[in-house]
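Peer 1: Here it is: the structure, laid out below.
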Amino acid sequence: MSVQERKQRERAERERLIVATARELAEQQGWDAVTTRRLAERIEYSQPVLYSHFRGKREIIGAVALEGAAEMAVAVRAATSAANSPRERVAALARAYLDFAARNPAVYDALFQLDGGLAYAQEDTPEPLKDAFAALLESLGEVAGDGVHPGLFTEVFWASLHGLATLTRAGRLLPEDAAQRVGLLVDRLAVV
């Protein structure tokens with residue numbers, strides 16, 4: 001291995017450590033607790049080293065969002081792959097999405113609430129974000145209904161899931177009614 005390859009590998013490992021530490025700190029204490037100073041202390045590197053990877057917190061949030069998008073796509077695809085019918089796929093997708101949001105609140109915030117400097121729904125949207133949307137579209141496109149654009153339907157269904165996730169987390173909806181909400185969403189919105 002050349003010196004250049006070793007340095008690149010070490011740089012990538014440091015970057016993964018920064019992102020993992022930011023994510024852990026955000027999940028434990030919220031995004032307000034994630035500062036470059038605290039991250040530098042936790043990873044035992046100086047702040048200038050941290051800034052050599054990320055220009056600031058915004059870029060770190062973006063990196064966590066991209067990682068989270070990839071994980072969410074995997075979770076949605078895994079959940080829907082075991083389903084036998086369009087209705088089962090849509091219900092599995094909804095449960096997987098809501099479970100992901102509940103289990104990873106800081107990552108969910110990085111994806112959909114905070115400014116990570118990422119472009120959404122544009123040509124320069126990063127691939128992990130496009131793939132997360134594609135994971136939703138794969139199951140939702142088949143139940144959009146006649147004359148309904150599959151992408152537009154996916155956006156509306158996704159917005160409904162986001163509302164459920166956000167309102168439940170804020171204590172505005174009772175968690176014990178989650179299964180009924182998913183059933184209503186699938187039955188009333190999807191043409192299955």
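Each chain of the structure tokens is named A, B, ... in the order shown, its residues numbered from 1; ligands are numbered from 1 in display order.
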Determine which residues of region 34-110 of chain A DSSP labels as helix (DSSP H, G or I) from the backbone of this structure, then write them out as an MDAnalysis selection string.

Peer 2: chainID A and resid 36:43 47:53 57:81 86:103 105:110

Peer 1: For each of A:Leu137, A:Asp187, A:Ile43, A:Lys57, take the minimum atom-to-atom distance to Glu155 (chain A), counting only C-alpha atoms, then give the residue where this is smallest.

Peer 2: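 So, comparing all the options, the nearest one is A:Leu137.
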
Peer 1: Which residue gives the smallest distance to Ala33 (chain A) among A:Ala190, A:Ala179, A:Ala106, A:Leu167, with only C-alpha atoms counted?

Peer 2: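 Ranking A:Ala190, A:Ala179, A:Ala106, A:Leu167 by distance to Ala33 (chain A), first place goes to A:Ala106.
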
Peer 1: What does the distance from CA of Asp131 (chain A) to CA of Ala73 (chain A) come to in Å, to one decimal?

Peer 2: 6.6 Å

Peer 1: So how far away is CA of Ala26 (chain A) from CA of Tyr120 (chain A), in Å?

Peer 2: 22.3 Å

Peer 1: Quick one: residues within 12 Å of Ala78 (chain A), only C-alpha atoms counted, chain neighbours fewer than 2 positions away excluded, as a PyMOL selection string?

Peer 2: chain A and resi 71-76+80-83+89+92-93+95-97+135-136+139

Peer 1: What does the file look like for those residues with all heavy atoms, as a CSV table (one decimal), in the first residue's frame?

Peer 2:
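result-v2.csv, written as the output of this step:
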chain,number,residue,atom,x,y,z
A,71,GLU,N,-29.6,4.1,5.0
A,71,GLU,CA,-30.1,3.1,5.9
A,71,GLU,C,-31.6,3.0,5.8
A,71,GLU,O,-32.2,1.9,5.9
A,71,GLU,CB,-29.7,3.5,7.4
A,71,GLU,CG,-28.3,3.4,7.7
A,71,GLU,CD,-27.9,4.0,9.0
A,71,GLU,OE1,-28.8,4.4,9.8
A,71,GLU,OE2,-26.7,4.1,9.3
A,72,MET,N,-32.3,4.1,5.6
A,72,MET,CA,-33.7,4.1,5.5
A,72,MET,C,-34.1,3.3,4.2
A,72,MET,O,-35.1,2.5,4.2
A,72,MET,CB,-34.3,5.5,5.4
A,72,MET,CG,-35.9,5.5,5.5
A,72,MET,SD,-36.6,7.1,5.6
A,72,MET,CE,-36.2,7.8,4.1
A,73,ALA,N,-33.4,3.5,3.1
A,73,ALA,CA,-33.7,2.8,1.9
A,73,ALA,C,-33.6,1.3,2.1
A,73,ALA,O,-34.4,0.5,1.6
A,73,ALA,CB,-32.8,3.3,0.7
A,74,VAL,N,-32.5,0.9,2.8
A,74,VAL,CA,-32.3,-0.5,3.1
A,74,VAL,C,-33.5,-1.1,3.9
A,74,VAL,O,-34.0,-2.2,3.6
A,74,VAL,CB,-30.9,-0.8,3.8
A,74,VAL,CG1,-30.8,-2.2,4.3
A,74,VAL,CG2,-29.8,-0.5,2.8
A,75,ALA,N,-33.9,-0.3,4.9
A,75,ALA,CA,-34.9,-0.8,5.8
A,75,ALA,C,-36.3,-0.9,5.1
A,75,ALA,O,-37.0,-1.9,5.3
A,75,ALA,CB,-35.1,0.2,7.0
A,76,VAL,N,-36.6,0.0,4.2
A,76,VAL,CA,-37.8,0.0,3.5
A,76,VAL,C,-37.8,-1.2,2.5
A,76,VAL,O,-38.8,-1.9,2.4
A,76,VAL,CB,-38.1,1.4,2.8
A,76,VAL,CG1,-39.1,1.2,1.7
A,76,VAL,CG2,-38.4,2.4,3.8
A,80,THR,N,-40.4,-4.4,2.5
A,80,THR,CA,-41.3,-4.6,1.5
A,80,THR,C,-41.0,-5.9,0.7
A,80,THR,O,-41.9,-6.4,0.0
A,80,THR,CB,-41.3,-3.4,0.5
A,80,THR,OG1,-40.0,-3.2,0.0
A,80,THR,CG2,-41.8,-2.1,1.2
A,81,SER,N,-39.8,-6.4,0.7
A,81,SER,CA,-39.4,-7.5,-0.1
A,81,SER,C,-40.1,-8.8,0.4
A,81,SER,O,-40.3,-9.7,-0.4
A,81,SER,CB,-37.9,-7.8,0.0
A,81,SER,OG,-37.5,-8.2,1.3
A,82,ALA,N,-40.5,-8.8,1.7
A,82,ALA,CA,-41.2,-10.0,2.2
A,82,ALA,C,-42.7,-10.0,2.0
A,82,ALA,O,-43.4,-11.0,2.3
A,82,ALA,CB,-40.9,-10.1,3.7
A,83,ALA,N,-43.2,-8.9,1.5
A,83,ALA,CA,-44.7,-8.8,1.3
A,83,ALA,C,-45.1,-9.5,0.0
A,83,ALA,O,-44.4,-9.5,-0.9
A,83,ALA,CB,-45.1,-7.3,1.3
A,89,ARG,N,-47.2,-4.6,0.8
A,89,ARG,CA,-45.9,-3.9,0.6
A,89,ARG,C,-46.1,-2.4,1.1
A,89,ARG,O,-45.2,-1.9,1.7
A,89,ARG,CB,-45.6,-3.9,-0.9
A,89,ARG,CG,-44.7,-5.1,-1.3
A,89,ARG,CD,-44.2,-4.9,-2.7
A,89,ARG,NE,-45.2,-5.1,-3.7
A,89,ARG,CZ,-45.8,-6.2,-4.1
A,89,ARG,NH1,-45.5,-7.3,-3.5
A,89,ARG,NH2,-46.7,-6.2,-5.0
A,92,ALA,N,-46.1,-2.5,4.9
A,92,ALA,CA,-44.8,-2.8,5.4
A,92,ALA,C,-43.9,-1.5,5.2
A,92,ALA,O,-43.1,-1.2,6.1
A,92,ALA,CB,-44.2,-4.0,4.6
A,93,LEU,N,-44.0,-0.9,4.1
A,93,LEU,CA,-43.3,0.4,3.8
A,93,LEU,C,-43.6,1.4,4.9
A,93,LEU,O,-42.7,2.0,5.5
A,93,LEU,CB,-43.6,0.9,2.4
A,93,LEU,CG,-43.0,2.2,2.0
A,93,LEU,CD1,-42.8,2.3,0.5
A,93,LEU,CD2,-43.8,3.4,2.4
A,95,ARG,N,-44.9,1.0,7.9
A,95,ARG,CA,-44.4,0.6,9.2
A,95,ARG,C,-42.8,0.8,9.3
A,95,ARG,O,-42.3,1.3,10.3
A,95,ARG,CB,-44.7,-0.8,9.5
A,95,ARG,CG,-46.2,-1.0,9.9
A,95,ARG,CD,-46.5,-2.4,10.4
A,95,ARG,NE,-46.2,-3.4,9.5
A,95,ARG,CZ,-47.0,-3.9,8.5
A,95,ARG,NH1,-48.2,-3.4,8.4
A,95,ARG,NH2,-46.6,-4.8,7.7
A,96,ALA,N,-42.1,0.4,8.3
A,96,ALA,CA,-40.7,0.5,8.3
A,96,ALA,C,-40.2,2.0,8.3
A,96,ALA,O,-39.3,2.3,9.1
A,96,ALA,CB,-40.1,-0.1,7.0
A,97,TYR,N,-40.9,2.8,7.6
A,97,TYR,CA,-40.6,4.3,7.6
A,97,TYR,C,-40.8,4.8,9.0
A,97,TYR,O,-40.0,5.5,9.6
A,97,TYR,CB,-41.5,5.0,6.6
A,97,TYR,CG,-41.2,6.5,6.5
A,97,TYR,CD1,-40.3,7.0,5.5
A,97,TYR,CD2,-41.7,7.4,7.4
A,97,TYR,CE1,-40.0,8.3,5.4
A,97,TYR,CE2,-41.5,8.7,7.3
A,97,TYR,CZ,-40.6,9.2,6.3
A,97,TYR,OH,-40.3,10.5,6.2
A,135,ALA,N,-36.7,4.0,-3.1
A,135,ALA,CA,-37.2,2.9,-2.3
A,135,ALA,C,-38.7,3.0,-2.0
A,135,ALA,O,-39.4,2.0,-1.9
A,135,ALA,CB,-36.4,2.8,-1.0
A,136,LEU,N,-39.1,4.2,-1.8
A,136,LEU,CA,-40.6,4.5,-1.5
A,136,LEU,C,-41.4,4.3,-2.8
A,136,LEU,O,-42.4,3.6,-2.9
A,136,LEU,CB,-40.8,5.9,-1.0
A,136,LEU,CG,-40.1,6.3,0.3
A,136,LEU,CD1,-40.4,7.7,0.6
A,136,LEU,CD2,-40.6,5.4,1.5
A,139,SER,N,-42.6,0.7,-4.3
A,139,SER,CA,-43.8,0.1,-3.8
A,139,SER,C,-45.0,1.0,-4.0
A,139,SER,O,-46.1,0.5,-4.2
A,139,SER,CB,-43.7,-0.2,-2.3
A,139,SER,OG,-42.8,-1.3,-2.1

Peer 1: Compile the contact shell of Gly116 (chain A) as an mmCIF file with all heavy atoms, in the first residue's frame: residues with an atom at most 10 Å away, counting only C-alpha atoms, same-chain residues fewer than 2 positions apart removed.

Peer 2:
data_model
loop_
_atom_site.group_PDB
_atom_site.id
_atom_site.type_symbol
_atom_site.label_atom_id
_atom_site.label_comp_id
_atom_site.auth_asym_id
_atom_site.auth_seq_id
_atom_site.Cartn_x
_atom_site.Cartn_y
_atom_site.Cartn_z
ATOM 1 N N LYS A 57 -20.856 22.467 11.207
ATOM 2 C CA LYS A 57 -21.936 21.586 11.642
ATOM 3 C C LYS A 57 -22.915 21.269 10.514
ATOM 4 O O LYS A 57 -23.417 20.146 10.416
ATOM 5 C CB LYS A 57 -22.664 22.238 12.828
ATOM 6 C CG LYS A 57 -23.750 21.397 13.436
ATOM 7 C CD LYS A 57 -24.309 22.093 14.659
ATOM 8 C CE LYS A 57 -25.454 21.346 15.269
ATOM 9 N NZ LYS A 57 -25.916 21.980 16.504
ATOM 10 N N ARG A 58 -23.187 22.236 9.672
ATOM 11 C CA ARG A 58 -24.132 22.027 8.575
ATOM 12 C C ARG A 58 -23.694 20.851 7.695
ATOM 13 O O ARG A 58 -24.508 20.013 7.319
ATOM 14 C CB ARG A 58 -24.245 23.309 7.763
ATOM 15 C CG ARG A 58 -25.207 23.224 6.608
ATOM 16 C CD ARG A 58 -25.242 24.562 5.894
ATOM 17 N NE ARG A 58 -26.289 24.576 4.895
ATOM 18 C CZ ARG A 58 -26.162 25.139 3.712
ATOM 19 N NH1 ARG A 58 -25.033 25.747 3.383
ATOM 20 N NH2 ARG A 58 -27.142 25.121 2.855
ATOM 21 N N GLU A 59 -22.419 20.797 7.346
ATOM 22 C CA GLU A 59 -21.924 19.698 6.518
ATOM 23 C C GLU A 59 -21.954 18.368 7.274
ATOM 24 O O GLU A 59 -22.162 17.320 6.670
ATOM 25 C CB GLU A 59 -20.516 19.988 6.009
ATOM 26 C CG GLU A 59 -20.501 20.980 4.874
ATOM 27 C CD GLU A 59 -19.126 21.124 4.232
ATOM 28 O OE1 GLU A 59 -18.178 20.397 4.612
ATOM 29 O OE2 GLU A 59 -19.010 21.968 3.334
ATOM 30 N N ILE A 60 -21.746 18.415 8.566
ATOM 31 C CA ILE A 60 -21.822 17.192 9.375
ATOM 32 C C ILE A 60 -23.256 16.679 9.389
ATOM 33 O O ILE A 60 -23.501 15.479 9.227
ATOM 34 C CB ILE A 60 -21.279 17.445 10.803
ATOM 35 C CG1 ILE A 60 -19.776 17.752 10.740
ATOM 36 C CG2 ILE A 60 -21.565 16.249 11.711
ATOM 37 C CD1 ILE A 60 -19.186 18.278 12.028
ATOM 38 N N ILE A 61 -24.201 17.577 9.551
ATOM 39 C CA ILE A 61 -25.617 17.198 9.495
ATOM 40 C C ILE A 61 -25.925 16.571 8.133
ATOM 41 O O ILE A 61 -26.604 15.544 8.047
ATOM 42 C CB ILE A 61 -26.531 18.414 9.772
ATOM 43 C CG1 ILE A 61 -26.432 18.829 11.231
ATOM 44 C CG2 ILE A 61 -27.981 18.115 9.389
ATOM 45 C CD1 ILE A 61 -27.076 20.176 11.549
ATOM 46 N N GLY A 62 -25.407 17.161 7.075
ATOM 47 C CA GLY A 62 -25.602 16.612 5.739
ATOM 48 C C GLY A 62 -25.030 15.208 5.605
ATOM 49 O O GLY A 62 -25.651 14.328 4.999
ATOM 50 N N ALA A 63 -23.861 14.986 6.161
ATOM 51 C CA ALA A 63 -23.243 13.655 6.100
ATOM 52 C C ALA A 63 -24.071 12.634 6.868
ATOM 53 O O ALA A 63 -24.246 11.490 6.413
ATOM 54 C CB ALA A 63 -21.819 13.716 6.643
ATOM 55 N N VAL A 64 -24.595 13.022 8.021
ATOM 56 C CA VAL A 64 -25.465 12.123 8.792
ATOM 57 C C VAL A 64 -26.745 11.849 8.009
ATOM 58 O O VAL A 64 -27.234 10.713 7.967
ATOM 59 C CB VAL A 64 -25.777 12.719 10.192
ATOM 60 C CG1 VAL A 64 -26.868 11.936 10.900
ATOM 61 C CG2 VAL A 64 -24.512 12.760 11.042
ATOM 62 N N ALA A 65 -27.278 12.869 7.353
ATOM 63 C CA ALA A 65 -28.495 12.692 6.555
ATOM 64 C C ALA A 65 -28.266 11.698 5.418
ATOM 65 O O ALA A 65 -29.111 10.830 5.165
ATOM 66 C CB ALA A 65 -28.968 14.038 6.004
ATOM 67 N N LEU A 66 -27.148 11.806 4.741
ATOM 68 C CA LEU A 66 -26.861 10.889 3.633
ATOM 69 C C LEU A 66 -26.720 9.445 4.132
ATOM 70 O O LEU A 66 -27.228 8.510 3.509
ATOM 71 C CB LEU A 66 -25.610 11.331 2.880
ATOM 72 C CG LEU A 66 -25.729 12.647 2.120
ATOM 73 C CD1 LEU A 66 -24.398 13.029 1.492
ATOM 74 C CD2 LEU A 66 -26.833 12.581 1.076
ATOM 75 N N ASP A 109 -34.196 13.865 11.919
ATOM 76 C CA ASP A 109 -34.119 15.331 11.905
ATOM 77 C C ASP A 109 -33.092 15.814 10.885
ATOM 78 O O ASP A 109 -33.331 16.793 10.170
ATOM 79 C CB ASP A 109 -33.765 15.876 13.288
ATOM 80 C CG ASP A 109 -34.921 15.828 14.260
ATOM 81 O OD1 ASP A 109 -36.067 15.573 13.833
ATOM 82 O OD2 ASP A 109 -34.673 16.039 15.466
ATOM 83 N N ALA A 110 -31.944 15.148 10.828
ATOM 84 C CA ALA A 110 -30.911 15.530 9.863
ATOM 85 C C ALA A 110 -31.440 15.385 8.434
ATOM 86 O O ALA A 110 -31.162 16.221 7.579
ATOM 87 C CB ALA A 110 -29.654 14.682 10.056
ATOM 88 N N LEU A 111 -32.218 14.349 8.203
ATOM 89 C CA LEU A 111 -32.778 14.105 6.882
ATOM 90 C C LEU A 111 -33.846 15.125 6.491
ATOM 91 O O LEU A 111 -33.850 15.616 5.358
ATOM 92 C CB LEU A 111 -33.421 12.715 6.835
ATOM 93 C CG LEU A 111 -32.555 11.568 6.374
ATOM 94 C CD1 LEU A 111 -33.195 10.238 6.724
ATOM 95 C CD2 LEU A 111 -32.300 11.667 4.889
ATOM 96 N N PHE A 112 -34.747 15.427 7.421
ATOM 97 C CA PHE A 112 -35.963 16.135 7.018
ATOM 98 C C PHE A 112 -36.287 17.417 7.781
ATOM 99 O O PHE A 112 -37.234 18.109 7.425
ATOM 100 C CB PHE A 112 -37.166 15.194 7.129
ATOM 101 C CG PHE A 112 -37.014 13.955 6.297
ATOM 102 C CD1 PHE A 112 -37.042 12.709 6.887
ATOM 103 C CD2 PHE A 112 -36.825 14.033 4.925
ATOM 104 C CE1 PHE A 112 -36.900 11.557 6.125
ATOM 105 C CE2 PHE A 112 -36.684 12.893 4.159
ATOM 106 C CZ PHE A 112 -36.715 11.650 4.764
ATOM 107 N N GLN A 113 -35.540 17.739 8.807
ATOM 108 C CA GLN A 113 -35.873 18.927 9.588
ATOM 109 C C GLN A 113 -34.759 19.978 9.568
ATOM 110 O O GLN A 113 -35.039 21.166 9.619
ATOM 111 C CB GLN A 113 -36.148 18.552 11.050
ATOM 112 C CG GLN A 113 -37.243 17.524 11.257
ATOM 113 C CD GLN A 113 -38.616 18.082 11.023
ATOM 114 O OE1 GLN A 113 -39.166 17.941 9.940
ATOM 115 N NE2 GLN A 113 -39.177 18.712 12.023
ATOM 116 N N LEU A 114 -33.524 19.533 9.543
ATOM 117 C CA LEU A 114 -32.393 20.448 9.690
ATOM 118 C C LEU A 114 -31.753 20.769 8.342
ATOM 119 O O LEU A 114 -31.887 20.005 7.386
ATOM 120 C CB LEU A 114 -31.346 19.830 10.622
ATOM 121 C CG LEU A 114 -31.837 19.483 12.028
ATOM 122 C CD1 LEU A 114 -30.755 18.737 12.794
ATOM 123 C CD2 LEU A 114 -32.261 20.734 12.777
ATOM 124 N N LEU A 118 -28.078 20.063 1.726
ATOM 125 C CA LEU A 118 -28.331 19.107 0.649
ATOM 126 C C LEU A 118 -29.483 19.564 -0.221
ATOM 127 O O LEU A 118 -30.458 20.130 0.270
ATOM 128 C CB LEU A 118 -28.659 17.734 1.249
ATOM 129 C CG LEU A 118 -27.602 17.131 2.177
ATOM 130 C CD1 LEU A 118 -28.132 15.865 2.824
ATOM 131 C CD2 LEU A 118 -26.313 16.876 1.431
ATOM 132 N N ALA A 119 -29.375 19.281 -1.498
ATOM 133 C CA ALA A 119 -30.438 19.593 -2.446
ATOM 134 C C ALA A 119 -31.423 18.431 -2.499
ATOM 135 O O ALA A 119 -31.019 17.282 -2.637
ATOM 136 C CB ALA A 119 -29.848 19.834 -3.830
#

Peer 1: Excluding Gln47 (chain A) and residues on its chain fewer than 4 positions from it, collect all residues at most 8 Å away from it, counting only C-alpha atoms, and give them as a short mmCIF file (atom, residue, chain, number, x, y, z; two decimals) with N, CA and C atoms, in the first residue's frame.

Peer 2:
data_model
loop_
_atom_site.label_atom_id
_atom_site.label_comp_id
_atom_site.auth_asym_id
_atom_site.auth_seq_id
_atom_site.Cartn_x
_atom_site.Cartn_y
_atom_site.Cartn_z
N THR A 36 -18.49 21.62 17.11
CA THR A 36 -17.17 21.17 16.65
C THR A 36 -16.23 20.97 17.83
N ARG A 37 -16.38 21.78 18.84
CA ARG A 37 -15.51 21.63 20.02
C ARG A 37 -15.77 20.29 20.72
N ALA A 40 -14.53 17.43 18.53
CA ALA A 40 -13.07 17.34 18.57
C ALA A 40 -12.60 16.67 19.86
N TYR A 51 -12.23 20.49 10.92
CA TYR A 51 -12.55 21.43 9.84
C TYR A 51 -11.89 21.04 8.52
#

Peer 1: So which residues touch Val148 (chain A) within 12 Å, counting only C-alpha atoms, skipping near sequence neighbours fewer than 6 positions away, as a list of chain:residue names?

Peer 2: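 The filter keeps A:Leu140, A:Gly141, A:Glu142, A:Thr154, A:Glu155, A:Val156, A:Leu189, A:Ala190, A:Val191.
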
Peer 1: Please, could you write that set of residues out with all heavy atoms as a compact mmCIF listing (two decimals), in the first residue's frame?

Peer 2:
# COMPACT_ATOMS: atom_id res chain seq x y z
N LEU A 140 -44.86 2.26 -3.87
CA LEU A 140 -46.00 3.18 -3.95
C LEU A 140 -46.43 3.45 -5.38
O LEU A 140 -47.60 3.72 -5.64
CB LEU A 140 -45.68 4.49 -3.23
CG LEU A 140 -45.50 4.34 -1.72
CD1 LEU A 140 -44.97 5.63 -1.11
CD2 LEU A 140 -46.81 3.93 -1.07
N GLY A 141 -45.50 3.38 -6.31
CA GLY A 141 -45.84 3.63 -7.70
C GLY A 141 -46.90 2.69 -8.23
O GLY A 141 -47.75 3.08 -9.04
N GLU A 142 -46.90 1.46 -7.75
CA GLU A 142 -47.87 0.47 -8.24
C GLU A 142 -49.27 0.66 -7.67
O GLU A 142 -50.22 0.04 -8.15
CB GLU A 142 -47.37 -0.95 -7.98
CG GLU A 142 -47.32 -1.36 -6.53
CD GLU A 142 -46.78 -2.77 -6.32
OE1 GLU A 142 -47.08 -3.67 -7.14
OE2 GLU A 142 -46.07 -2.97 -5.33
N THR A 154 -46.21 9.31 -4.57
CA THR A 154 -45.18 8.96 -3.57
C THR A 154 -44.90 10.16 -2.67
O THR A 154 -44.76 10.01 -1.45
CB THR A 154 -43.92 8.45 -4.27
OG1 THR A 154 -44.26 7.28 -5.02
CG2 THR A 154 -42.83 8.10 -3.26
N GLU A 155 -44.82 11.34 -3.25
CA GLU A 155 -44.59 12.54 -2.44
C GLU A 155 -45.71 12.76 -1.42
O GLU A 155 -45.46 13.09 -0.26
CB GLU A 155 -44.46 13.77 -3.33
CG GLU A 155 -43.19 13.81 -4.14
CD GLU A 155 -43.15 14.95 -5.14
OE1 GLU A 155 -44.19 15.59 -5.39
OE2 GLU A 155 -42.06 15.20 -5.67
N VAL A 156 -46.95 12.58 -1.85
CA VAL A 156 -48.10 12.80 -0.95
C VAL A 156 -48.11 11.74 0.15
O VAL A 156 -48.33 12.05 1.32
CB VAL A 156 -49.42 12.81 -1.75
CG1 VAL A 156 -50.63 12.79 -0.83
CG2 VAL A 156 -49.47 14.02 -2.67
N LEU A 189 -55.63 5.94 0.92
CA LEU A 189 -54.80 6.67 -0.02
C LEU A 189 -54.32 5.78 -1.17
O LEU A 189 -54.29 6.23 -2.32
CB LEU A 189 -53.58 7.25 0.72
CG LEU A 189 -53.06 8.58 0.22
CD1 LEU A 189 -54.13 9.63 0.15
CD2 LEU A 189 -51.94 9.06 1.12
N ALA A 190 -53.97 4.56 -0.88
CA ALA A 190 -53.42 3.68 -1.92
C ALA A 190 -54.52 2.90 -2.61
O ALA A 190 -55.45 2.43 -1.98
CB ALA A 190 -52.41 2.73 -1.29
N VAL A 191 -54.43 2.76 -3.92
CA VAL A 191 -55.38 1.97 -4.70
C VAL A 191 -54.82 0.56 -4.76
O VAL A 191 -53.95 0.27 -5.58
CB VAL A 191 -55.56 2.56 -6.12
CG1 VAL A 191 -56.54 1.71 -6.92
CG2 VAL A 191 -56.03 3.99 -6.03

Peer 1: Between CA of Gly151 (chain A) and CA of Glu88 (chain A), what is the distance, to one decimal in Å?

Peer 2: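 Value for the CA of Gly151 (chain A)-CA of Glu88 (chain A) distance: 19.7 Å.
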
Peer 1: Using only C-alpha atoms for the distances, tell me which of A:Gly30, A:Gly117, A:Pro48, A:Pro105 is nearest to Arg169 (chain A).

Peer 2: A:Pro105

Peer 1: Hey, what's within 12 Å of Thr168 (chain A) if we count only C-alpha atoms and toss same-chain stuff fewer than 3 positions away? As a compact mmCIF listing (two decimals) with C-alpha atoms, in the first residue's frame, please?

Peer 2:
# COMPACT_ATOMS: atom_id res chain seq x y z
CA LEU A 98 -42.30 5.10 10.92
CA ASP A 99 -40.11 2.62 12.82
CA ALA A 101 -38.13 7.66 12.31
CA ALA A 102 -38.89 6.51 15.87
CA PRO A 105 -34.84 10.68 15.77
CA LEU A 161 -45.86 9.42 6.79
CA HIS A 162 -43.67 12.37 7.73
CA GLY A 163 -46.63 14.05 9.40
CA LEU A 164 -47.43 10.91 11.37
CA ALA A 165 -43.80 10.47 12.42
CA GLY A 171 -46.64 13.74 21.58
CA ARG A 172 -49.53 15.07 19.48
CA LEU A 173 -50.67 11.57 18.48
CA LEU A 174 -51.01 8.55 20.71
CA PRO A 175 -48.41 5.90 19.80
CA GLU A 176 -50.82 3.06 20.55
CA ASP A 177 -52.98 4.11 17.57
CA ALA A 178 -50.10 3.87 15.08
CA ARG A 181 -53.28 5.13 11.31

Peer 1: Hey, which of A:Asp124, A:Leu184, A:Val19, A:Phe133 ends up closest to Phe153 (chain A)? Count only C-alpha atoms.

Peer 2: A:Phe133
